[in-house]
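Reproduced below: upload01.pdb, with PDB, C-alpha atoms.
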ATOM      1  CA  PHE A   1     -29.363  87.020  57.073
ATOM      2  CA  VAL A   2     -31.469  90.105  57.829
ATOM      3  CA  ILE A   3     -28.521  91.787  59.597
ATOM      4  CA  ILE A   4     -26.180  90.961  56.730
ATOM      5  CA  ALA A   5     -28.734  92.288  54.215
ATOM      6  CA  PHE A   6     -28.991  95.574  56.160
ATOM      7  CA  GLU A   7     -25.202  95.881  56.222
ATOM      8  CA  VAL A   8     -24.846  95.223  52.496
ATOM      9  CA  LEU A   9     -27.662  97.609  51.519
ATOM     10  CA  ASP A  10     -26.540 100.400  53.875
ATOM     11  CA  THR A  11     -25.054 103.172  51.717
ATOM     12  CA  LYS A  12     -24.772 105.809  54.456
ATOM     13  CA  ILE A  13     -21.468 107.142  55.738
ATOM     14  CA  HIS A  14     -21.129 106.433  59.461
ATOM     15  CA  THR A  15     -17.429 106.997  60.178
ATOM     16  CA  ALA A  16     -14.386 108.776  58.770
ATOM     17  CA  GLU A  17     -13.044 105.380  57.754
ATOM     18  CA  ASP A  18     -16.020 104.946  55.396
ATOM     19  CA  ILE A  19     -14.945 108.103  53.551
ATOM     20  CA  GLU A  20     -11.289 107.049  53.441
ATOM     21  CA  ARG A  21     -12.298 103.693  51.985
ATOM     22  CA  ILE A  22     -14.223 105.223  49.049
ATOM     23  CA  SER A  23     -12.134 108.365  48.368
ATOM     24  CA  PRO A  24      -8.438 109.080  47.746
ATOM     25  CA  ILE A  25      -8.797 112.509  49.405
ATOM     26  CA  PRO A  26      -7.282 112.528  52.915
ATOM     27  CA  ILE A  27      -9.419 113.470  55.920
ATOM     28  CA  LEU A  28      -7.757 116.241  57.908
ATOM     29  CA  GLY A  29     -10.227 116.310  60.774
ATOM     30  CA  VAL A  30     -13.703 115.621  62.054
ATOM     31  CA  VAL A  31     -15.710 118.363  63.783
ATOM     32  CA  GLY A  32     -18.674 117.673  66.057
ATOM     33  CA  LYS A  33     -21.925 119.567  66.467
ATOM     34  CA  ASN A  34     -21.757 123.157  67.710
ATOM     35  CA  THR A  35     -23.595 123.869  70.977
ATOM     36  CA  ALA A  36     -22.263 127.408  71.458
ATOM     37  CA  LEU A  37     -24.528 130.476  71.247
ATOM     38  CA  ASN A  38     -23.119 131.440  67.837
ATOM     39  CA  ASN A  39     -20.453 130.292  65.378
ATOM     40  CA  LEU A  40     -17.541 131.419  67.607
ATOM     41  CA  ALA A  41     -17.338 128.000  69.277
ATOM     42  CA  VAL A  42     -13.531 127.947  69.673
ATOM     43  CA  PHE A  43     -13.492 131.442  71.207
ATOM     44  CA  LEU A  44     -16.536 131.023  73.476
ATOM     45  CA  LYS A  45     -15.785 127.461  74.657
ATOM     46  CA  PRO A  46     -12.022 126.929  74.291
ATOM     47  CA  LYS A  47     -12.057 123.677  76.310
ATOM     48  CA  SER A  48     -14.927 122.041  74.422
ATOM     49  CA  THR A  49     -14.548 118.976  72.215
ATOM     50  CA  VAL A  50     -15.405 121.144  69.191
ATOM     51  CA  ALA A  51     -12.536 123.514  70.024
ATOM     52  CA  GLU A  52     -10.207 120.561  70.473
ATOM     53  CA  SER A  53     -11.236 119.132  67.092
ATOM     54  CA  PHE A  54     -10.373 122.463  65.460
ATOM     55  CA  ARG A  55      -6.950 122.410  67.144
ATOM     56  CA  ALA A  56      -6.362 118.941  65.711
ATOM     57  CA  LEU A  57      -7.491 120.214  62.298
ATOM     58  CA  ARG A  58      -5.072 123.159  62.604
ATOM     59  CA  SER A  59      -2.183 120.793  63.383
ATOM     60  CA  ASN A  60      -3.001 118.571  60.414
ATOM     61  CA  ILE A  61      -3.285 121.547  58.061
ATOM     62  CA  GLN A  62       0.022 122.981  59.293
ATOM     63  CA  PHE A  63       1.679 119.591  58.762
ATOM     64  CA  LEU A  64       0.205 119.395  55.249
ATOM     65  CA  PHE A  65       1.461 122.893  54.401
ATOM     66  CA  ARG A  66       4.931 122.166  55.770
ATOM     67  CA  ARG A  67       5.193 119.166  53.478
ATOM     68  CA  ASN A  68       3.814 120.786  50.340
ATOM     69  CA  THR A  69       4.844 124.440  50.203
ATOM     70  CA  LYS A  70       7.582 126.862  51.074
ATOM     71  CA  GLU A  71       5.409 130.000  50.865
ATOM     72  CA  LYS A  72       5.213 132.207  53.941
ATOM     73  CA  SER A  73       1.480 132.861  53.597
ATOM     74  CA  LYS A  74      -1.076 130.046  53.386
ATOM     75  CA  THR A  75      -4.528 130.337  51.808
ATOM     76  CA  ILE A  76      -7.383 127.979  52.697
ATOM     77  CA  MET A  77     -10.728 128.042  50.911
ATOM     78  CA  VAL A  78     -13.759 126.487  52.615
ATOM     79  CA  THR A  79     -16.633 125.434  50.368
ATOM     80  CA  SER A  80     -19.205 122.654  50.032
ATOM     81  CA  SER A  81     -21.718 121.322  47.546
ATOM     82  CA  VAL A  82     -24.808 123.230  48.761
ATOM     83  CA  SER A  83     -25.811 125.954  51.189
ATOM     84  CA  GLY A  84     -26.272 125.114  54.873
ATOM     85  CA  GLU A  85     -23.481 122.548  55.287
ATOM     86  CA  GLY A  86     -21.416 124.592  57.765
ATOM     87  CA  LYS A  87     -18.908 126.489  55.615
ATOM     88  CA  THR A  88     -19.161 129.672  57.661
ATOM     89  CA  PHE A  89     -18.933 127.764  60.958
ATOM     90  CA  ILE A  90     -15.792 125.951  59.781
ATOM     91  CA  SER A  91     -14.259 129.144  58.309
ATOM     92  CA  ILE A  92     -14.825 131.222  61.439
ATOM     93  CA  ASN A  93     -13.443 128.596  63.787
ATOM     94  CA  MET A  94     -10.466 127.680  61.597
ATOM     95  CA  ALA A  95      -9.535 131.359  61.423
ATOM     96  CA  THR A  96     -10.014 131.677  65.193
ATOM     97  CA  VAL A  97      -7.889 128.658  66.034
ATOM     98  CA  PHE A  98      -5.025 129.871  63.814
ATOM     99  CA  ALA A  99      -5.240 133.354  65.372
ATOM    100  CA  LEU A 100      -5.296 131.969  68.919
ATOM    101  CA  GLY A 101      -2.209 129.943  67.959
ATOM    102  CA  GLY A 102      -0.341 133.210  67.363
ATOM    103  CA  LYS A 103      -0.658 133.325  63.559
ATOM    104  CA  LYS A 104      -1.685 136.596  61.931
ATOM    105  CA  THR A 105      -4.913 135.527  60.233
ATOM    106  CA  ILE A 106      -7.609 137.101  58.086
ATOM    107  CA  LEU A 107     -11.040 135.693  57.332
ATOM    108  CA  VAL A 108     -12.478 136.812  53.993
ATOM    109  CA  GLY A 109     -16.218 136.549  53.337
ATOM    110  CA  LEU A 110     -16.509 135.550  49.692
ATOM    111  CA  ASP A 111     -20.083 134.270  49.888
ATOM    112  CA  LEU A 112     -21.425 137.389  48.185
ATOM    113  CA  ARG A 113     -25.002 136.097  47.850
ATOM    114  CA  LYS A 114     -25.598 135.176  51.511
ATOM    115  CA  PRO A 115     -23.112 137.047  53.706
ATOM    116  CA  LYS A 116     -23.016 135.818  57.321
ATOM    117  CA  ILE A 117     -19.704 136.263  59.099
ATOM    118  CA  PHE A 118     -20.310 139.856  60.196
ATOM    119  CA  GLY A 119     -23.112 138.818  62.589
ATOM    120  CA  ASP A 120     -20.981 136.470  64.673
ATOM    121  CA  PHE A 121     -18.207 139.053  65.066
ATOM    122  CA  GLU A 122     -20.708 141.875  65.687
ATOM    123  CA  ILE A 123     -19.152 144.036  62.977
ATOM    124  CA  SER A 124     -20.602 145.998  60.070
ATOM    125  CA  ASN A 125     -21.197 144.603  56.592
ATOM    126  CA  ASN A 126     -21.525 148.057  54.993
ATOM    127  CA  ILE A 127     -18.191 147.750  53.184
ATOM    128  CA  GLY A 128     -16.258 144.655  52.215
ATOM    129  CA  VAL A 129     -14.952 142.520  49.373
ATOM    130  CA  VAL A 130     -17.567 143.832  46.928
ATOM    131  CA  ASN A 131     -16.442 147.432  47.477
ATOM    132  CA  PHE A 132     -12.855 146.468  46.621
ATOM    133  CA  LEU A 133     -13.837 144.366  43.597
ATOM    134  CA  ILE A 134     -15.831 147.216  42.041
ATOM    135  CA  GLY A 135     -13.019 149.693  42.705
ATOM    136  CA  GLU A 136     -14.655 151.763  45.471
ATOM    137  CA  GLU A 137     -12.243 150.918  48.306
ATOM    138  CA  ASN A 138      -8.661 149.808  48.881
ATOM    139  CA  PRO A 139      -7.797 146.721  50.982
ATOM    140  CA  GLN A 140      -6.835 148.736  54.091
ATOM    141  CA  ASN A 141     -10.309 150.294  54.269
ATOM    142  CA  ILE A 142     -12.229 147.003  54.106
ATOM    143  CA  ILE A 143     -10.230 145.139  56.788
ATOM    144  CA  GLN A 144     -11.964 145.095  60.182
ATOM    145  CA  LYS A 145     -10.459 144.160  63.550
ATOM    146  CA  THR A 146     -12.168 141.596  65.776
ATOM    147  CA  LYS A 147     -12.160 141.006  69.516
ATOM    148  CA  ILE A 148      -9.885 138.007  68.864
ATOM    149  CA  GLU A 149      -6.189 138.855  68.905
ATOM    150  CA  ASN A 150      -4.400 138.255  65.549
ATOM    151  CA  LEU A 151      -7.701 137.882  63.682
ATOM    152  CA  ASP A 152      -8.985 140.398  61.149
ATOM    153  CA  VAL A 153     -12.049 140.051  58.940
ATOM    154  CA  ILE A 154     -13.108 141.286  55.531
ATOM    155  CA  THR A 155     -16.861 140.960  55.223
ATOM    156  CA  SER A 156     -18.492 140.493  51.843
ATOM    157  CA  GLY A 157     -20.136 143.918  51.819
ATOM    158  CA  PRO A 158     -23.369 144.822  50.027
ATOM    159  CA  VAL A 159     -24.951 142.043  47.950
ATOM    160  CA  PRO A 160     -24.113 142.706  44.264
ATOM    161  CA  PRO A 161     -26.279 141.825  41.246
ATOM    162  CA  ASN A 162     -23.385 139.870  39.659
ATOM    163  CA  PRO A 163     -21.436 137.975  42.383
ATOM    164  CA  SER A 164     -19.950 135.286  40.107
ATOM    165  CA  GLU A 165     -18.533 137.834  37.666
ATOM    166  CA  LEU A 166     -16.982 139.812  40.514
ATOM    167  CA  LEU A 167     -15.296 136.741  42.016
ATOM    168  CA  ILE A 168     -13.664 135.651  38.739
ATOM    169  CA  SER A 169     -12.238 139.109  38.076
ATOM    170  CA  THR A 170      -8.515 139.857  38.301
ATOM    171  CA  ALA A 171      -9.307 142.125  41.280
ATOM    172  CA  THR A 172      -9.879 138.991  43.398
ATOM    173  CA  ASP A 173      -6.337 137.785  42.608
ATOM    174  CA  GLU A 174      -5.034 141.252  43.420
ATOM    175  CA  LEU A 175      -6.797 141.234  46.804
ATOM    176  CA  ILE A 176      -5.480 137.788  47.762
ATOM    177  CA  ASN A 177      -1.935 138.746  46.722
ATOM    178  CA  LYS A 178      -2.080 141.912  48.840
ATOM    179  CA  LEU A 179      -3.330 139.912  51.838
ATOM    180  CA  LYS A 180      -0.498 137.390  51.405
ATOM    181  CA  GLU A 181       1.991 140.188  52.035
ATOM    182  CA  GLU A 182       0.545 140.916  55.478
ATOM    183  CA  TYR A 183      -1.037 137.704  56.831
ATOM    184  CA  GLU A 184       0.251 134.223  57.596
ATOM    185  CA  TYR A 185      -3.121 132.539  57.051
ATOM    186  CA  ILE A 186      -5.932 133.634  54.743
ATOM    187  CA  ILE A 187      -9.213 131.776  55.264
ATOM    188  CA  LEU A 188     -11.751 132.186  52.453
ATOM    189  CA  ASP A 189     -15.398 131.595  53.335
ATOM    190  CA  ALA A 190     -16.500 130.776  49.790
ATOM    191  CA  PRO A 191     -19.951 130.221  48.318
ATOM    192  CA  PRO A 192     -21.128 126.653  47.684
ATOM    193  CA  ILE A 193     -19.862 125.046  44.489
TER     194      ILE A 193
END
In structure tokens, how does this file's structure come out?
Amino acid sequence: FVIIAFEVLDTKIHTAEDIERISPIPILGVVGKNTALNNLAVFLKPKSTVAESFRALRSNIQFLFRRNTKEKSKTIMVTSSVSGEGKTFISINMATVFALGGKKTILVGLDLRKPKIFGDFEISNNIGVVNFLIGEENPQNIIQKTKIENLDVITSGPVPPNPSELLISTATDELINKLKEEYEYIILDAPPI
């Protein structure tokens, strides 16, 4: 009876099947804990189980896109409910796995309050999305190359006083539309909801 009581009162999620049972949203993949030195797990340890889980995620996303859209360019936004749940880790590695698969990919840092992606790629955060959104720069000037073939990055840039207002501006739509002309996959590292 004690074991049955524990089972009935247990409200924690233990497996992917638990999520599928309570939600109509499909699970595209499950990613394990990162043991790499930084967030570039797929690039630094390409034979790890984490890298393999991102390859499986890439395959599932490509299958989902093939079924649901005819557009050449695909845009994926990564977000979560609160800060610290791994959005940047997922964004960086999804972008990396698409790029390593031969797809021209760009990772866009839209978390304007707590920018992070520049550190893992060892690039500058002096200019980025913010500079475009306020009209200081054009898209070509804010795109930065990485050491990963087929992968470019747009960092968030300097932290603005009004990040929400900048993100809902028509300039954001303009930026995404310009990127769609040049890239096959656009990965958006968004702020938490």
For the contact check between stretch 60-134 of chain A and stretch 181-191 of chain A, emit one row per residue of stretch 60-134 of chain A within 12 Å, containing the shortest atom pair and the distance in Å rounded to one decimal, counting only C-alpha atoms, chain then rising number order, as a Markdown table.
| residue | atom | partner | partner_atom | distance |
| --- | --- | --- | --- | --- |
| A:Ile61 | CA | A:Tyr185 | CA | 11.0 |
| A:Gln62 | CA | A:Tyr185 | CA | 10.3 |
| A:Phe65 | CA | A:Tyr185 | CA | 11.0 |
| A:Glu71 | CA | A:Glu184 | CA | 9.5 |
| A:Lys72 | CA | A:Glu184 | CA | 6.5 |
| A:Ser73 | CA | A:Glu184 | CA | 4.4 |
| A:Lys74 | CA | A:Tyr185 | CA | 4.9 |
| A:Thr75 | CA | A:Ile186 | CA | 4.6 |
| A:Ile76 | CA | A:Ile187 | CA | 4.9 |
| A:Met77 | CA | A:Leu188 | CA | 4.5 |
| A:Val78 | CA | A:Asp189 | CA | 5.4 |
| A:Thr79 | CA | A:Ala190 | CA | 5.4 |
| A:Ser80 | CA | A:Pro191 | CA | 7.8 |
| A:Ser81 | CA | A:Pro191 | CA | 9.1 |
| A:Val82 | CA | A:Pro191 | CA | 8.5 |
| A:Ser83 | CA | A:Pro191 | CA | 7.8 |
| A:Gly84 | CA | A:Pro191 | CA | 10.4 |
| A:Glu85 | CA | A:Pro191 | CA | 11.0 |
| A:Gly86 | CA | A:Asp189 | CA | 10.2 |
| A:Lys87 | CA | A:Asp189 | CA | 6.6 |
| A:Thr88 | CA | A:Asp189 | CA | 6.0 |
| A:Phe89 | CA | A:Asp189 | CA | 9.2 |
| A:Ile90 | CA | A:Asp189 | CA | 8.6 |
| A:Ser91 | CA | A:Asp189 | CA | 5.7 |
| A:Ile92 | CA | A:Asp189 | CA | 8.1 |
| A:Asn93 | CA | A:Ile187 | CA | 10.0 |
| A:Met94 | CA | A:Ile187 | CA | 7.6 |
| A:Ala95 | CA | A:Ile187 | CA | 6.2 |
| A:Thr96 | CA | A:Ile187 | CA | 10.0 |
| A:Val97 | CA | A:Tyr185 | CA | 10.9 |
| A:Phe98 | CA | A:Tyr185 | CA | 7.5 |
| A:Ala99 | CA | A:Tyr185 | CA | 8.6 |
| A:Gly101 | CA | A:Tyr185 | CA | 11.2 |
| A:Gly102 | CA | A:Glu184 | CA | 9.8 |
| A:Lys103 | CA | A:Glu184 | CA | 6.1 |
| A:Lys104 | CA | A:Tyr183 | CA | 5.3 |
| A:Thr105 | CA | A:Tyr185 | CA | 4.7 |
| A:Ile106 | CA | A:Ile186 | CA | 5.1 |
| A:Leu107 | CA | A:Ile187 | CA | 4.8 |
| A:Val108 | CA | A:Leu188 | CA | 4.9 |
| A:Gly109 | CA | A:Asp189 | CA | 5.0 |
| A:Leu110 | CA | A:Ala190 | CA | 4.8 |
| A:Asp111 | CA | A:Pro191 | CA | 4.3 |
| A:Leu112 | CA | A:Pro191 | CA | 7.3 |
| A:Arg113 | CA | A:Pro191 | CA | 7.8 |
| A:Lys114 | CA | A:Pro191 | CA | 8.2 |
| A:Pro115 | CA | A:Pro191 | CA | 9.3 |
| A:Lys116 | CA | A:Asp189 | CA | 9.6 |
| A:Ile117 | CA | A:Asp189 | CA | 8.6 |
| A:Phe118 | CA | A:Asp189 | CA | 11.8 |
| A:Val129 | CA | A:Leu188 | CA | 11.2 |
Mind pulling up the distance from atom CA of A:Lys147 to atom CA of A:Val159? 25.1 Å
A:Ala16, A:Ile154, A:Leu179, A:Val30 ranked by distance to A:Asn131, top pick (using all atoms listed in the file):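 The answer is A:Ile154, which sits nearest to A:Asn131.
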Could you tell me, as a compact mmCIF listing (two decimals) with C-alpha atoms, in the frame of the given file, exactly which residues end up selected when the PyMOL selection byres ((chain A and resi 47-53) around 9) is applied to this structure?
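This is the output file part24.txt:
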# COMPACT_ATOMS: atom_id res chain seq x y z
CA GLY A 29 -10.23 116.31 60.77
CA VAL A 30 -13.70 115.62 62.05
CA VAL A 31 -15.71 118.36 63.78
CA GLY A 32 -18.67 117.67 66.06
CA LYS A 33 -21.92 119.57 66.47
CA ASN A 34 -21.76 123.16 67.71
CA THR A 35 -23.60 123.87 70.98
CA ALA A 41 -17.34 128.00 69.28
CA VAL A 42 -13.53 127.95 69.67
CA PHE A 43 -13.49 131.44 71.21
CA LYS A 45 -15.78 127.46 74.66
CA PRO A 46 -12.02 126.93 74.29
CA PHE A 54 -10.37 122.46 65.46
CA ARG A 55 -6.95 122.41 67.14
CA ALA A 56 -6.36 118.94 65.71
CA LEU A 57 -7.49 120.21 62.30
CA ARG A 58 -5.07 123.16 62.60
CA ASN A 93 -13.44 128.60 63.79
CA VAL A 97 -7.89 128.66 66.03
Figure out the distance between atom CA of A:Glu149 and atom CA of A:Gly128, please, to one decimal in Å. 20.3 Å
Pairwise distance for atom CA of A:Ile22 and atom CA of A:Ile3, rounded to one decimal in Å: 22.3 Å
So which one's closest to A:Val130, A:Leu167, A:Ile27, A:Leu44, A:Ala5? Using only C-alpha atoms, please.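 Of A:Leu167, A:Ile27, A:Leu44, A:Ala5, the one nearest A:Val130, counting only C-alpha atoms, is A:Leu167.
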List the residues matched by the PyMOL selection byres ((chain A and resi 175) around 10) in the displayed structure as a PyMOL selection string, ordered by chain and then by residue number. chain A and resi 129+132-133+138-139+170-174+176-180
Using all atoms listed in the file, the best pick from A:Val8, A:Ile25, A:Ile143, A:Leu151 as closest to A:Ile127 would be A:Ile143
Atoms are missing here; could stretch 61-80 of chain A be completed with N, CA, C and O atoms and written as a CSV table (one decimal), in the coordinates of the input?
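File out_19.csv, as written:
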chain,number,residue,atom,x,y,z
A,61,ILE,N,-3.5,120.6,59.2
A,61,ILE,CA,-3.3,121.5,58.1
A,61,ILE,C,-1.9,122.1,58.1
A,61,ILE,O,-1.2,122.2,57.0
A,62,GLN,N,-1.3,122.5,59.2
A,62,GLN,CA,0.0,123.0,59.3
A,62,GLN,C,1.0,121.9,58.8
A,62,GLN,O,2.0,122.2,58.1
A,63,PHE,N,0.8,120.7,59.2
A,63,PHE,CA,1.7,119.6,58.8
A,63,PHE,C,1.6,119.4,57.2
A,63,PHE,O,2.6,119.3,56.6
A,64,LEU,N,0.4,119.5,56.7
A,64,LEU,CA,0.2,119.4,55.2
A,64,LEU,C,0.9,120.5,54.5
A,64,LEU,O,1.6,120.3,53.5
A,65,PHE,N,0.8,121.8,55.0
A,65,PHE,CA,1.5,122.9,54.4
A,65,PHE,C,3.0,122.8,54.5
A,65,PHE,O,3.7,123.1,53.6
A,66,ARG,N,3.5,122.3,55.6
A,66,ARG,CA,4.9,122.2,55.8
A,66,ARG,C,5.5,121.2,54.7
A,66,ARG,O,6.6,121.4,54.2
A,67,ARG,N,4.7,120.2,54.4
A,67,ARG,CA,5.2,119.2,53.5
A,67,ARG,C,5.1,119.7,52.0
A,67,ARG,O,5.9,119.3,51.2
A,68,ASN,N,4.1,120.5,51.7
A,68,ASN,CA,3.8,120.8,50.3
A,68,ASN,C,4.2,122.2,49.8
A,68,ASN,O,4.0,122.4,48.7
A,69,THR,N,4.6,123.1,50.7
A,69,THR,CA,4.8,124.4,50.2
A,69,THR,C,5.9,125.1,51.0
A,69,THR,O,6.1,124.9,52.2
A,70,LYS,N,6.6,126.1,50.4
A,70,LYS,CA,7.6,126.9,51.1
A,70,LYS,C,7.1,128.3,51.2
A,70,LYS,O,7.8,129.1,51.8
A,71,GLU,N,5.9,128.6,50.8
A,71,GLU,CA,5.4,130.0,50.9
A,71,GLU,C,5.2,130.4,52.3
A,71,GLU,O,4.8,129.6,53.1
A,72,LYS,N,5.4,131.7,52.6
A,72,LYS,CA,5.2,132.2,53.9
A,72,LYS,C,3.7,132.3,54.3
A,72,LYS,O,3.3,131.9,55.4
A,73,SER,N,2.9,132.7,53.4
A,73,SER,CA,1.5,132.9,53.6
A,73,SER,C,0.7,131.7,53.0
A,73,SER,O,1.0,131.2,52.0
A,74,LYS,N,-0.3,131.2,53.8
A,74,LYS,CA,-1.1,130.0,53.4
A,74,LYS,C,-2.5,130.5,53.2
A,74,LYS,O,-3.1,131.2,54.0
A,75,THR,N,-3.1,130.0,52.1
A,75,THR,CA,-4.5,130.3,51.8
A,75,THR,C,-5.4,129.1,51.8
A,75,THR,O,-5.0,128.1,51.2
A,76,ILE,N,-6.5,129.1,52.6
A,76,ILE,CA,-7.4,128.0,52.7
A,76,ILE,C,-8.8,128.4,52.3
A,76,ILE,O,-9.3,129.4,52.8
A,77,MET,N,-9.4,127.7,51.3
A,77,MET,CA,-10.7,128.0,50.9
A,77,MET,C,-11.7,127.0,51.4
A,77,MET,O,-11.4,125.8,51.3
A,78,VAL,N,-12.8,127.4,52.1
A,78,VAL,CA,-13.8,126.5,52.6
A,78,VAL,C,-15.0,126.6,51.8
A,78,VAL,O,-15.6,127.7,51.6
A,79,THR,N,-15.4,125.5,51.2
A,79,THR,CA,-16.6,125.4,50.4
A,79,THR,C,-17.3,124.1,50.6
A,79,THR,O,-16.8,123.2,51.3
A,80,SER,N,-18.5,123.9,50.0
A,80,SER,CA,-19.2,122.7,50.0
A,80,SER,C,-20.1,122.6,48.8
A,80,SER,O,-20.1,123.5,48.0
